[in-house]
$ cat start_3.txt   # compact mmCIF, C-alpha atoms and all ligand atoms
# COMPACT_ATOMS: atom_id res chain seq x y z
CA MET A 1 -4.49 -26.32 31.40
CA SER A 2 -1.82 -24.90 29.12
CA THR A 3 -0.07 -21.68 30.11
CA ILE A 4 1.59 -21.14 26.74
CA ASP A 5 0.66 -17.77 25.29
CA PRO A 6 -0.65 -17.63 21.72
CA PRO A 7 1.72 -16.52 18.96
CA PHE A 8 1.61 -12.92 17.80
CA ALA A 9 2.91 -13.20 14.25
CA LEU A 10 3.85 -15.61 11.48
CA LEU A 11 6.82 -15.02 9.20
CA ALA A 12 5.69 -16.85 6.06
CA GLU A 13 8.79 -17.67 4.01
CA LEU A 14 6.87 -18.34 0.82
CA THR A 15 9.93 -19.16 -1.26
CA HIS A 16 13.72 -19.09 -1.10
CA ARG A 17 13.84 -17.87 -4.71
CA CYS A 18 15.23 -14.33 -4.90
CA PRO A 19 16.80 -12.22 -7.64
CA LEU A 20 19.28 -10.85 -5.08
CA ARG A 21 22.18 -12.72 -3.51
CA CYS A 22 23.02 -10.69 -0.38
CA PRO A 23 26.04 -12.18 1.42
CA TYR A 24 24.29 -11.81 4.81
CA CYS A 25 21.00 -13.40 3.68
CA SER A 26 19.01 -14.90 6.57
CA ASN A 27 17.97 -17.92 4.49
CA PRO A 28 19.75 -21.19 5.34
CA LEU A 29 22.87 -22.30 3.45
CA GLU A 30 20.76 -25.20 2.09
CA LEU A 31 17.95 -23.46 0.20
CA VAL A 32 14.54 -25.06 -0.40
CA ARG A 33 13.96 -25.72 -4.14
CA ARG A 34 10.88 -24.49 -6.00
CA SER A 35 9.60 -28.05 -6.43
CA GLN A 36 9.47 -28.46 -2.63
CA GLU A 37 7.43 -25.29 -1.97
CA LEU A 38 3.98 -25.53 -0.35
CA ASP A 39 1.10 -25.03 -2.76
CA THR A 40 -1.49 -22.25 -2.52
CA GLN A 41 -4.14 -24.31 -0.70
CA THR A 42 -1.69 -25.43 1.96
CA TRP A 43 -0.54 -21.86 2.59
CA GLN A 44 -4.19 -20.80 2.90
CA ARG A 45 -4.71 -23.52 5.51
CA VAL A 46 -1.55 -22.37 7.34
CA LEU A 47 -2.96 -18.84 7.43
CA ASP A 48 -6.29 -20.12 8.79
CA GLU A 49 -4.51 -22.13 11.48
CA THR A 50 -2.29 -19.14 12.32
CA ALA A 51 -5.35 -16.93 12.95
CA HIS A 52 -7.03 -19.76 14.85
CA ALA A 53 -3.95 -20.11 17.10
CA GLY A 54 -4.43 -16.46 18.07
CA ALA A 55 -1.86 -14.64 15.90
CA LEU A 56 -2.69 -11.17 14.62
CA GLN A 57 -0.11 -10.60 11.90
CA VAL A 58 1.46 -12.29 8.90
CA HIS A 59 4.70 -11.11 7.34
CA PHE A 60 5.08 -12.44 3.80
CA SER A 61 8.76 -12.98 3.24
CA GLY A 62 11.26 -15.17 1.42
CA GLY A 63 13.52 -15.11 -0.50
CA GLU A 64 11.43 -12.74 -2.47
CA PRO A 65 7.71 -13.33 -1.76
CA THR A 66 6.59 -11.68 -5.02
CA ALA A 67 8.44 -14.45 -6.89
CA ARG A 68 5.33 -16.52 -6.07
CA ASN A 69 2.56 -16.13 -8.66
CA ASP A 70 -0.08 -16.59 -5.94
CA ILE A 71 1.08 -13.71 -3.73
CA GLU A 72 -2.16 -11.75 -4.35
CA ILE A 73 -4.30 -14.77 -3.49
CA LEU A 74 -2.42 -15.29 -0.22
CA VAL A 75 -2.56 -11.60 0.74
CA ALA A 76 -6.29 -11.52 -0.01
CA HIS A 77 -6.86 -14.67 2.05
CA ALA A 78 -4.93 -13.32 5.04
CA ALA A 79 -6.79 -9.98 4.87
CA LYS A 80 -10.15 -11.76 4.63
CA ILE A 81 -9.55 -13.72 7.84
CA GLY A 82 -8.46 -10.56 9.69
CA LEU A 83 -4.67 -10.86 9.78
CA TYR A 84 -2.61 -7.67 9.47
CA THR A 85 -0.52 -8.17 6.32
CA ASN A 86 3.05 -7.05 5.71
CA LEU A 87 5.08 -7.68 2.55
CA ILE A 88 8.85 -7.89 3.14
CA THR A 89 10.34 -7.33 -0.29
CA SER A 90 13.53 -6.46 -2.12
CA GLY A 91 11.24 -4.61 -4.54
CA ILE A 92 12.98 -6.03 -7.60
CA LEU A 93 9.93 -7.91 -8.94
CA ALA A 94 7.28 -5.54 -7.54
CA ASP A 95 6.27 -3.24 -10.40
CA ASP A 96 3.59 -0.51 -10.10
CA GLU A 97 0.85 -2.80 -11.35
CA LEU A 98 1.59 -5.58 -8.88
CA LEU A 99 1.77 -3.13 -5.96
CA ALA A 100 -1.64 -1.69 -6.91
CA ARG A 101 -3.12 -5.20 -7.15
CA LEU A 102 -1.67 -6.15 -3.76
CA GLN A 103 -3.17 -3.05 -2.22
CA LEU A 104 -6.55 -3.99 -3.68
CA ALA A 105 -6.09 -7.48 -2.24
CA GLY A 106 -5.85 -5.89 1.22
CA LEU A 107 -2.12 -5.43 1.83
CA ASP A 108 -1.60 -3.20 4.88
CA HIS A 109 2.14 -2.56 4.94
CA VAL A 110 5.28 -2.88 2.80
CA GLN A 111 8.85 -3.21 4.00
CA VAL A 112 11.48 -2.45 1.37
CA SER A 113 15.13 -3.28 1.97
CA ILE A 114 18.03 -1.26 0.59
CA GLN A 115 21.70 -2.24 0.60
CA ASP A 116 23.32 1.21 0.27
CA THR A 117 22.85 4.72 -1.09
CA ASN A 118 26.01 4.24 -3.11
CA ASP A 119 24.53 2.36 -6.08
CA ILE A 120 27.78 0.72 -7.12
CA ILE A 121 28.54 -0.73 -3.68
CA GLY A 122 24.88 -1.51 -2.96
CA ASP A 123 24.45 -3.40 -6.22
CA ARG A 124 27.68 -5.33 -5.63
CA VAL A 125 26.47 -6.38 -2.15
CA ALA A 126 23.04 -7.32 -3.57
CA GLY A 127 24.67 -9.18 -6.45
CA TYR A 128 22.29 -7.44 -8.89
CA GLN A 129 23.06 -4.50 -11.13
CA GLY A 130 20.49 -1.68 -10.97
CA ALA A 131 18.89 -2.98 -7.76
CA GLN A 132 19.17 0.23 -5.72
CA LYS A 133 17.49 2.37 -8.42
CA ILE A 134 14.58 -0.07 -8.67
CA LYS A 135 14.19 -0.03 -4.88
CA ARG A 136 13.87 3.74 -4.78
CA LYS A 137 11.14 3.65 -7.41
CA VAL A 138 9.24 0.90 -5.58
CA ALA A 139 9.48 2.69 -2.22
CA GLN A 140 8.15 5.90 -3.79
CA GLN A 141 5.30 4.01 -5.43
CA VAL A 142 4.28 2.42 -2.12
CA GLY A 143 4.02 5.92 -0.64
CA GLN A 144 2.06 7.24 -3.61
CA LEU A 145 -0.43 4.42 -3.21
CA GLY A 146 -0.87 5.46 0.42
CA MET A 147 0.35 2.21 1.94
CA ALA A 148 2.39 2.19 5.14
CA LEU A 149 6.12 1.90 4.38
CA THR A 150 9.12 0.75 6.40
CA VAL A 151 12.64 0.85 4.99
CA ASN A 152 15.07 -1.76 6.24
CA ALA A 153 18.84 -1.41 5.82
CA VAL A 154 21.43 -3.90 7.05
CA PHE A 155 24.71 -2.29 8.08
CA HIS A 156 28.27 -3.65 7.97
CA ARG A 157 31.80 -2.38 7.42
CA GLN A 158 31.19 -1.56 3.75
CA ASN A 159 28.21 0.79 4.19
CA MET A 160 28.36 2.13 7.76
CA ALA A 161 29.89 5.40 6.66
CA ARG A 162 26.66 6.22 4.78
CA VAL A 163 24.16 5.66 7.59
CA SER A 164 23.18 9.34 7.51
CA ASP A 165 22.55 9.12 3.73
CA VAL A 166 20.36 6.05 4.30
CA ILE A 167 18.32 7.99 6.86
CA ASP A 168 17.89 10.82 4.28
CA TRP A 169 16.86 8.21 1.69
CA ALA A 170 14.15 6.84 3.97
CA VAL A 171 12.84 10.34 4.80
CA ASP A 172 12.90 11.23 1.11
CA VAL A 173 10.67 8.29 0.11
CA ASN A 174 8.24 9.17 2.94
CA ALA A 175 8.81 6.03 4.99
CA GLN A 176 7.10 6.06 8.39
CA ARG A 177 9.79 3.86 9.88
CA LEU A 178 13.44 2.95 9.26
CA GLU A 179 14.99 -0.21 10.68
CA ILE A 180 18.74 0.14 11.05
CA ALA A 181 19.74 -3.50 11.30
CA ASN A 182 23.10 -5.20 11.62
CA VAL A 183 24.41 -8.34 10.00
CA GLN A 184 23.60 -11.42 12.08
CA TYR A 185 26.60 -13.72 12.07
CA TYR A 186 25.19 -17.14 11.37
CA GLY A 187 24.46 -18.83 8.02
CA TRP A 188 25.55 -16.61 5.12
CA GLY A 189 26.60 -13.79 7.47
CA LEU A 190 29.04 -16.12 9.24
CA GLU A 191 30.40 -17.30 5.86
CA ASN A 192 31.17 -13.65 5.01
CA ARG A 193 32.07 -12.31 8.45
CA ARG A 194 35.61 -11.23 7.52
CA ASN A 195 34.16 -8.96 4.84
CA LEU A 196 31.29 -7.56 6.88
CA MET A 197 32.41 -7.09 10.48
CA PRO A 198 32.76 -3.35 11.23
CA ARG A 199 35.69 -1.73 12.98
CA LEU A 200 35.03 -0.36 16.47
CA SER A 201 35.75 3.19 15.25
CA GLN A 202 33.10 2.82 12.50
CA LEU A 203 30.58 1.58 15.00
CA GLU A 204 31.22 4.40 17.44
CA GLU A 205 30.75 6.94 14.66
CA MET A 206 27.52 5.25 13.52
CA ASN A 207 26.15 5.27 17.08
CA ARG A 208 26.83 8.99 17.39
CA VAL A 209 25.24 9.84 14.03
CA VAL A 210 22.16 7.68 14.57
CA GLN A 211 21.48 8.98 18.10
CA ASP A 212 21.72 12.59 16.86
CA ARG A 213 19.39 11.96 13.96
CA ILE A 214 16.82 9.99 15.98
CA GLU A 215 16.47 13.08 18.14
CA ALA A 216 16.39 15.53 15.22
CA LEU A 217 13.81 13.52 13.24
CA LYS A 218 11.27 12.94 16.02
CA GLY A 219 7.79 13.31 14.55
CA ILE A 220 9.09 12.80 10.98
CA ILE A 221 10.28 9.19 10.97
CA VAL A 222 10.65 6.47 13.61
CA ILE A 223 14.15 4.97 13.59
CA ASP A 224 14.69 1.54 15.17
CA TYR A 225 18.32 0.95 16.06
CA VAL A 226 20.07 -1.82 17.99
CA VAL A 227 23.83 -2.03 18.62
CA PRO A 228 25.46 -4.95 16.73
CA ASP A 229 25.69 -8.12 18.82
CA TYR A 230 29.46 -8.55 19.06
CA PHE A 231 29.86 -5.02 20.36
CA ALA A 232 27.00 -5.13 22.87
CA ARG A 233 27.25 -5.93 26.59
CA ARG A 234 23.76 -7.42 26.93
CA PRO A 235 22.28 -9.91 24.45
CA LYS A 236 19.24 -9.16 22.31
CA ALA A 237 16.00 -10.90 23.30
CA CYS A 238 16.06 -12.84 20.06
CA MET A 239 12.53 -13.30 18.63
CA ASN A 240 11.31 -11.77 21.94
CA GLY A 241 12.16 -15.13 23.48
CA TRP A 242 12.05 -18.59 21.93
CA GLY A 243 8.47 -19.71 21.22
CA ARG A 244 6.94 -16.64 22.88
CA ARG A 245 5.69 -14.35 20.07
CA PHE A 246 6.85 -15.42 16.62
CA PHE A 247 7.27 -18.42 14.38
CA ASN A 248 8.44 -19.02 10.82
CA VAL A 249 7.09 -21.42 8.26
CA MET A 250 9.69 -22.29 5.64
CA PRO A 251 8.86 -22.71 1.92
CA ASN A 252 8.61 -26.50 2.37
CA GLY A 253 6.33 -26.26 5.43
CA VAL A 254 8.90 -26.79 8.17
CA MET A 255 7.81 -24.66 11.15
CA ILE A 256 10.64 -23.14 13.16
CA PRO A 257 10.92 -20.73 16.13
CA CYS A 258 13.42 -18.41 14.37
CA HIS A 259 14.94 -18.06 10.91
CA ALA A 260 18.24 -19.73 11.87
CA ALA A 261 16.85 -22.53 14.07
CA GLN A 262 17.71 -25.16 11.49
CA THR A 263 21.40 -24.56 12.19
CA ILE A 264 20.84 -26.32 15.55
CA PRO A 265 21.95 -29.86 14.77
CA ASP A 266 20.18 -32.01 17.38
CA MET A 267 16.72 -30.53 16.92
CA GLU A 268 13.84 -31.96 14.89
CA PHE A 269 11.21 -29.67 13.46
CA GLU A 270 7.62 -30.52 12.59
CA ASN A 271 6.06 -29.77 9.21
CA VAL A 272 2.69 -28.03 8.76
CA GLN A 273 1.87 -30.71 6.20
CA ASP A 274 1.78 -33.26 9.05
CA LYS A 275 0.59 -31.28 12.09
CA SER A 276 -1.43 -28.11 12.65
CA VAL A 277 0.20 -24.76 13.40
CA GLY A 278 -1.51 -24.68 16.82
CA TRP A 279 -0.25 -28.16 17.77
CA ILE A 280 3.32 -27.39 16.74
CA TRP A 281 3.27 -24.09 18.63
CA GLN A 282 1.96 -25.68 21.82
CA HIS A 283 3.35 -29.18 21.90
CA SER A 284 6.36 -29.72 19.65
CA GLU A 285 9.68 -30.50 21.28
CA ALA A 286 11.46 -27.84 19.22
CA PHE A 287 9.20 -24.98 20.34
CA ASN A 288 9.38 -26.10 23.98
CA ARG A 289 13.13 -26.77 24.17
CA PHE A 290 14.16 -23.16 24.97
CA ARG A 291 10.79 -21.74 25.97
CA GLY A 292 10.50 -19.87 29.28
CA THR A 293 13.27 -19.82 31.89
CA ALA A 294 13.40 -23.38 33.30
CA TRP A 295 15.89 -24.60 30.65
CA MET A 296 18.36 -21.76 31.28
CA PRO A 297 21.87 -22.42 32.55
CA GLU A 298 23.64 -20.07 34.95
CA PRO A 299 24.25 -17.14 34.97
CA CYS A 300 20.99 -16.60 33.02
CA ARG A 301 18.76 -18.65 35.32
CA SER A 302 19.34 -16.42 38.36
CA CYS A 303 19.84 -13.19 36.41
CA ASP A 304 17.27 -10.45 37.07
CA ARG A 305 17.14 -9.83 33.29
CA ARG A 306 16.14 -13.41 32.45
CA GLU A 307 12.63 -12.34 31.39
CA ILE A 308 13.99 -9.32 29.49
CA ASP A 309 16.84 -10.89 27.47
CA TRP A 310 15.48 -14.46 27.49
CA ALA A 311 19.14 -15.62 27.52
CA GLY A 312 19.82 -14.01 24.15
CA CYS A 313 20.02 -15.86 20.87
CA ARG A 314 20.20 -19.66 20.73
CA CYS A 315 21.61 -19.70 17.21
CA GLN A 316 24.34 -17.25 18.13
CA ALA A 317 25.21 -19.31 21.23
CA LEU A 318 25.58 -22.29 18.89
CA ALA A 319 27.67 -20.38 16.35
CA LEU A 320 30.02 -18.94 18.98
CA THR A 321 30.22 -21.67 21.64
CA GLY A 322 29.27 -24.88 19.84
CA SER A 323 26.03 -25.44 21.81
CA ALA A 324 22.64 -23.75 21.53
CA SER A 325 22.03 -24.58 25.21
CA ASN A 326 24.86 -22.33 26.39
CA PRO A 327 24.28 -18.72 27.45
CA ASP A 328 24.71 -16.22 24.62
CA PRO A 329 28.31 -14.99 25.06
CA VAL A 330 27.34 -11.51 23.84
CA CYS A 331 26.42 -10.94 27.52
CA ASP A 332 29.38 -9.69 29.56
CA LYS A 333 28.27 -11.76 32.56
CA VAL A 334 28.99 -14.92 30.54
CA GLU A 335 32.32 -16.72 30.45
CA GLY A 336 33.87 -16.32 27.02
CA HIS A 337 32.49 -12.82 26.44
CA ALA A 338 35.98 -11.25 26.31
CA GLN A 339 37.16 -13.74 23.65
CA ILE A 340 34.10 -12.99 21.52
CA ARG A 341 34.87 -9.29 21.54
CA GLU A 342 38.52 -9.97 20.83
CA GLN A 343 37.56 -12.20 17.91
CA ALA A 344 35.21 -9.53 16.55
CA PHE A 345 37.88 -6.85 16.71
CA SER A 346 40.53 -9.02 15.11
CA ASP A 347 38.14 -9.99 12.29
CA SER A 348 37.31 -6.34 11.75
CA SER A 349 40.96 -5.52 11.08
CA LEU A 350 41.28 -8.10 8.29
CA ILE A 351 41.45 -7.13 4.66
CA GLY A 352 38.25 -8.32 2.99
CA GLU A 353 38.01 -11.17 0.55
CA LYS A 354 35.45 -11.82 -2.16
CA PHE A 355 31.91 -12.38 -0.92
CA VAL A 356 30.49 -15.89 -0.85
CA TYR A 357 27.14 -15.40 -2.61
CA ARG A 358 24.10 -17.64 -2.52
CA THR A 359 23.56 -19.01 -6.01
CA PHE A 360 19.88 -19.92 -6.09
CA SER A 361 17.98 -17.11 -7.78
CA GLY A 362 14.44 -16.97 -9.11
CA SER A 363 11.77 -15.08 -11.02
CA ARG A 364 8.00 -14.93 -10.99
FE1 LIG B 401 17.68 -18.37 16.37
FE2 LIG B 401 18.27 -16.03 17.56
S1 LIG B 401 18.30 -16.53 15.43
S2 LIG B 401 17.37 -17.80 18.45
$ encode --input "start_3.txt" --output "structure tokens"
Amino acid sequence: MSTIDPPFALLAELTHRCPLRCPYCSNPLELVRRSQELDTQTWQRVLDETAHAGALQVHFSGGEPTARNDIEILVAHAAKIGLYTNLITSGILADDELLARLQLAGLDHVQVSIQDTNDIIGDRVAGYQGAQKIKRKVAQQVGQLGMALTVNAVFHRQNMARVSDVIDWAVDVNAQRLEIANVQYYGWGLENRRNLMPRLSQLEEMNRVVQDRIEALKGIIVIDYVVPDYFARRPKACMNGWGRRFFNVMPNGVMIPCHAAQTIPDMEFENVQDKSVGWIWQHSEAFNRFRGTAWMPEPCRSCDRREIDWAGCRCQALALTGSASNPDPVCDKVEGHAQIREQAFSDSSLIGEKFVYRTFSGSR
């Protein structure tokens, strides 16, 4: 009998089309074209199979999920079969009318991202003029409709100084939650690392500000905050452990354990057009490769945190050490940790260059 726990949530990457071009985008460097996207019926089957496999939530993401004309149909389908529905959006294509229709379709929660409270810098990072103003309007509208709202902001050297302003922004639009995220340095983030990596002094100041404000805002807003990887001493339990809680389905149907898994070169991923979600979750080689603790090398295997950290992030281990099977060198028990920190600090003292932007945009 299988001992693999059911998944908790699906991240449905409906499309890689997006009007924004953020230089730390979590989409792969090779974007899936519109012509390769799954059709509506296939996504409905994926949602059915997700619920059948035991998952409770679906996060509609992208790219920009509202670039799909069938977003209401998919939200309505997920709601009908009992999945909790979350829309992860830049807000750029989500006008008042669409938001109201999505609410009617059964949407439970909206997550709006912002790049900065300084419109000029935020719009330059997003690669879209006027983006930050639109985002404020969309966030306010979500609140007025009475839907649950989370604001997500990714921090880096060019916006860290305004973390307190971002917290005010989120309180001002009546968000229930604010995620203070950090750039993840693989894919587009790695391409732009020299321009994004914070200085240690910036990070220390941000830590101080955020801790103070978490305390002061208790009961008003929940603030989720994790120290950036390269400056941490223990690795993050990426995805809550490989193949434990979450999975992604890409726009073309490829099912992966995390958003950057396709950067791992010697791994083959199944497609939901060929196999069911439940089969891939339980039996595919990719989902089992780094599942549990048996695969772990030392020092992770005998570490008393092995079922807390789950050996960190496989994609980061690949990006920093050349192999996804190595321990994540963010951990200070791992050989190579000192060099990683040194590299981070030396990158953070470099003068920035122009961003490398993704070029594949899209509309509804
Ligand atoms: Fe792939 Fe962390 S992003 S395991």
$ residues_around --input "start_3.txt" --residues "Phe287 (chain A)" --least-positions-apart "6" --cutoff "12 Å" --atoms "only C-alpha atoms" --output "JSON list (two decimals) with C-alpha atoms, in the coordinates of the input"
[["chain", "number", "residue", "atom", "x", "y", "z"],
["A", 4, "ILE", "CA", 1.59, -21.14, 26.74],
["A", 7, "PRO", "CA", 1.72, -16.52, 18.96],
["A", 241, "GLY", "CA", 12.16, -15.13, 23.48],
["A", 242, "TRP", "CA", 12.05, -18.59, 21.93],
["A", 243, "GLY", "CA", 8.47, -19.71, 21.22],
["A", 244, "ARG", "CA", 6.94, -16.64, 22.88],
["A", 245, "ARG", "CA", 5.69, -14.35, 20.07],
["A", 246, "PHE", "CA", 6.85, -15.42, 16.62],
["A", 247, "PHE", "CA", 7.27, -18.42, 14.38],
["A", 248, "ASN", "CA", 8.44, -19.02, 10.82],
["A", 255, "MET", "CA", 7.81, -24.66, 11.15],
["A", 256, "ILE", "CA", 10.64, -23.14, 13.16],
["A", 257, "PRO", "CA", 10.92, -20.73, 16.13],
["A", 258, "CYS", "CA", 13.42, -18.41, 14.37],
["A", 261, "ALA", "CA", 16.85, -22.53, 14.07],
["A", 267, "MET", "CA", 16.72, -30.53, 16.92],
["A", 268, "GLU", "CA", 13.84, -31.96, 14.89],
["A", 269, "PHE", "CA", 11.21, -29.67, 13.46],
["A", 270, "GLU", "CA", 7.62, -30.52, 12.59],
["A", 277, "VAL", "CA", 0.20, -24.76, 13.40],
["A", 278, "GLY", "CA", -1.51, -24.68, 16.82],
["A", 279, "TRP", "CA", -0.25, -28.16, 17.77],
["A", 280, "ILE", "CA", 3.32, -27.39, 16.74],
["A", 281, "TRP", "CA", 3.27, -24.09, 18.63]]
$ closest_atom_pairs --input "start_3.txt" --of "chain A" --to "ligand LIG 401 (chain B)" --cutoff "10 Å" --atoms "only C-alpha atoms and all ligand atoms" --output "tab-separated table"
residue	atom	partner	partner_atom	distance
A:Ser26	CA	B:LIG401	S1	9.0
A:Gln184	CA	B:LIG401	S1	8.1
A:Tyr185	CA	B:LIG401	S1	9.4
A:Tyr186	CA	B:LIG401	S1	8.0
A:Gly187	CA	B:LIG401	S1	9.9
A:Lys236	CA	B:LIG401	FE2	8.4
A:Ala237	CA	B:LIG401	FE2	8.0
A:Cys238	CA	B:LIG401	FE2	4.6
A:Met239	CA	B:LIG401	FE2	6.4
A:Asn240	CA	B:LIG401	S2	9.2
A:Gly241	CA	B:LIG401	S2	7.7
A:Trp242	CA	B:LIG401	S2	6.4
A:Gly243	CA	B:LIG401	S2	9.5
A:Ile256	CA	B:LIG401	FE1	9.1
A:Pro257	CA	B:LIG401	FE1	7.2
A:Cys258	CA	B:LIG401	FE1	4.7
A:His259	CA	B:LIG401	S1	5.8
A:Ala260	CA	B:LIG401	FE1	4.7
A:Ala261	CA	B:LIG401	FE1	4.8
A:Gln262	CA	B:LIG401	FE1	8.4
A:Thr263	CA	B:LIG401	FE1	8.3
A:Ile264	CA	B:LIG401	FE1	8.6
A:Phe290	CA	B:LIG401	S2	9.0
A:Trp310	CA	B:LIG401	S2	9.8
A:Ala311	CA	B:LIG401	S2	9.5
A:Gly312	CA	B:LIG401	FE2	7.1
A:Cys313	CA	B:LIG401	FE2	3.7
A:Arg314	CA	B:LIG401	S2	4.1
A:Cys315	CA	B:LIG401	FE1	4.2
A:Gln316	CA	B:LIG401	FE2	6.2
A:Ala317	CA	B:LIG401	S2	8.5
A:Leu318	CA	B:LIG401	FE1	9.2
A:Ala324	CA	B:LIG401	S2	8.5
A:Asp328	CA	B:LIG401	FE2	9.6
$ atom_distance --input "start_3.txt" --atom1 "CA of Val183 (chain A)" --atom2 "CA of Pro251 (chain A)"
22.7 Å
$ closest_residue --input "start_3.txt" --among "A:Arg341, A:His109, A:Arg301, A:Arg193" --to "Thr85 (chain A)" --atoms "only C-alpha atoms"
A:His109
$ residues_around --input "start_3.txt" --residues "Asn69 (chain A)" --least-positions-apart "4" --cutoff "12 Å" --atoms "all atoms listed in the file" --output "ChimeraX atom specification"
/A:14-15,39-40,64-65,73-75,93-94,98,102,362-364
$ closest_residue --input "start_3.txt" --among "A:Ala232, A:Val330, A:Leu56, A:Val142" --to "Asp95 (chain A)" --atoms "all atoms listed in the file"
A:Val142
$ axis_aligned_box --input "start_3.txt" --around "region 27-44 of chain A" --padding-each-side "4 Å" --output "JSON"
{"center_x": 9.3, "center_y": -23.2, "center_z": -0.5, "size_x": 35.1, "size_y": 18.5, "size_z": 19.8}
$ residues_near_point --input "start_3.txt" --point "(25.1, -12.3, 28.7)" --cutoff "8 Å" --atoms "only C-alpha atoms" --output "short mmCIF file (atom, residue, chain, number, x, y, z; two decimals) with C-alpha atoms, keeping the file's coordinate frame"
data_model
loop_
_atom_site.label_atom_id
_atom_site.label_comp_id
_atom_site.auth_asym_id
_atom_site.auth_seq_id
_atom_site.Cartn_x
_atom_site.Cartn_y
_atom_site.Cartn_z
CA ARG A 233 27.25 -5.93 26.59
CA ARG A 234 23.76 -7.42 26.93
CA PRO A 235 22.28 -9.91 24.45
CA PRO A 299 24.25 -17.14 34.97
CA CYS A 300 20.99 -16.60 33.02
CA ALA A 311 19.14 -15.62 27.52
CA GLY A 312 19.82 -14.01 24.15
CA PRO A 327 24.28 -18.72 27.45
CA ASP A 328 24.71 -16.22 24.62
CA PRO A 329 28.31 -14.99 25.06
CA VAL A 330 27.34 -11.51 23.84
CA CYS A 331 26.42 -10.94 27.52
CA ASP A 332 29.38 -9.69 29.56
CA LYS A 333 28.27 -11.76 32.56
CA VAL A 334 28.99 -14.92 30.54
CA HIS A 337 32.49 -12.82 26.44
#
$ residues_near_point --input "start_3.txt" --point "(25.8, 7.3, -1.4)" --cutoff "7 Å" --atoms "all atoms listed in the file" --output "ChimeraX atom specification"
/A:116-119,162,165
$ closest_residue --input "start_3.txt" --among "A:Ile134, A:Val32, A:Ala12, A:Val249" --to "Val272 (chain A)" --atoms "all atoms listed in the file"
A:Val249
$ closest_residue --input "start_3.txt" --among "A:Ser276, A:Tyr24, A:Leu203, A:Ser284" --to "Leu47 (chain A)" --atoms "all atoms listed in the file"
A:Ser276
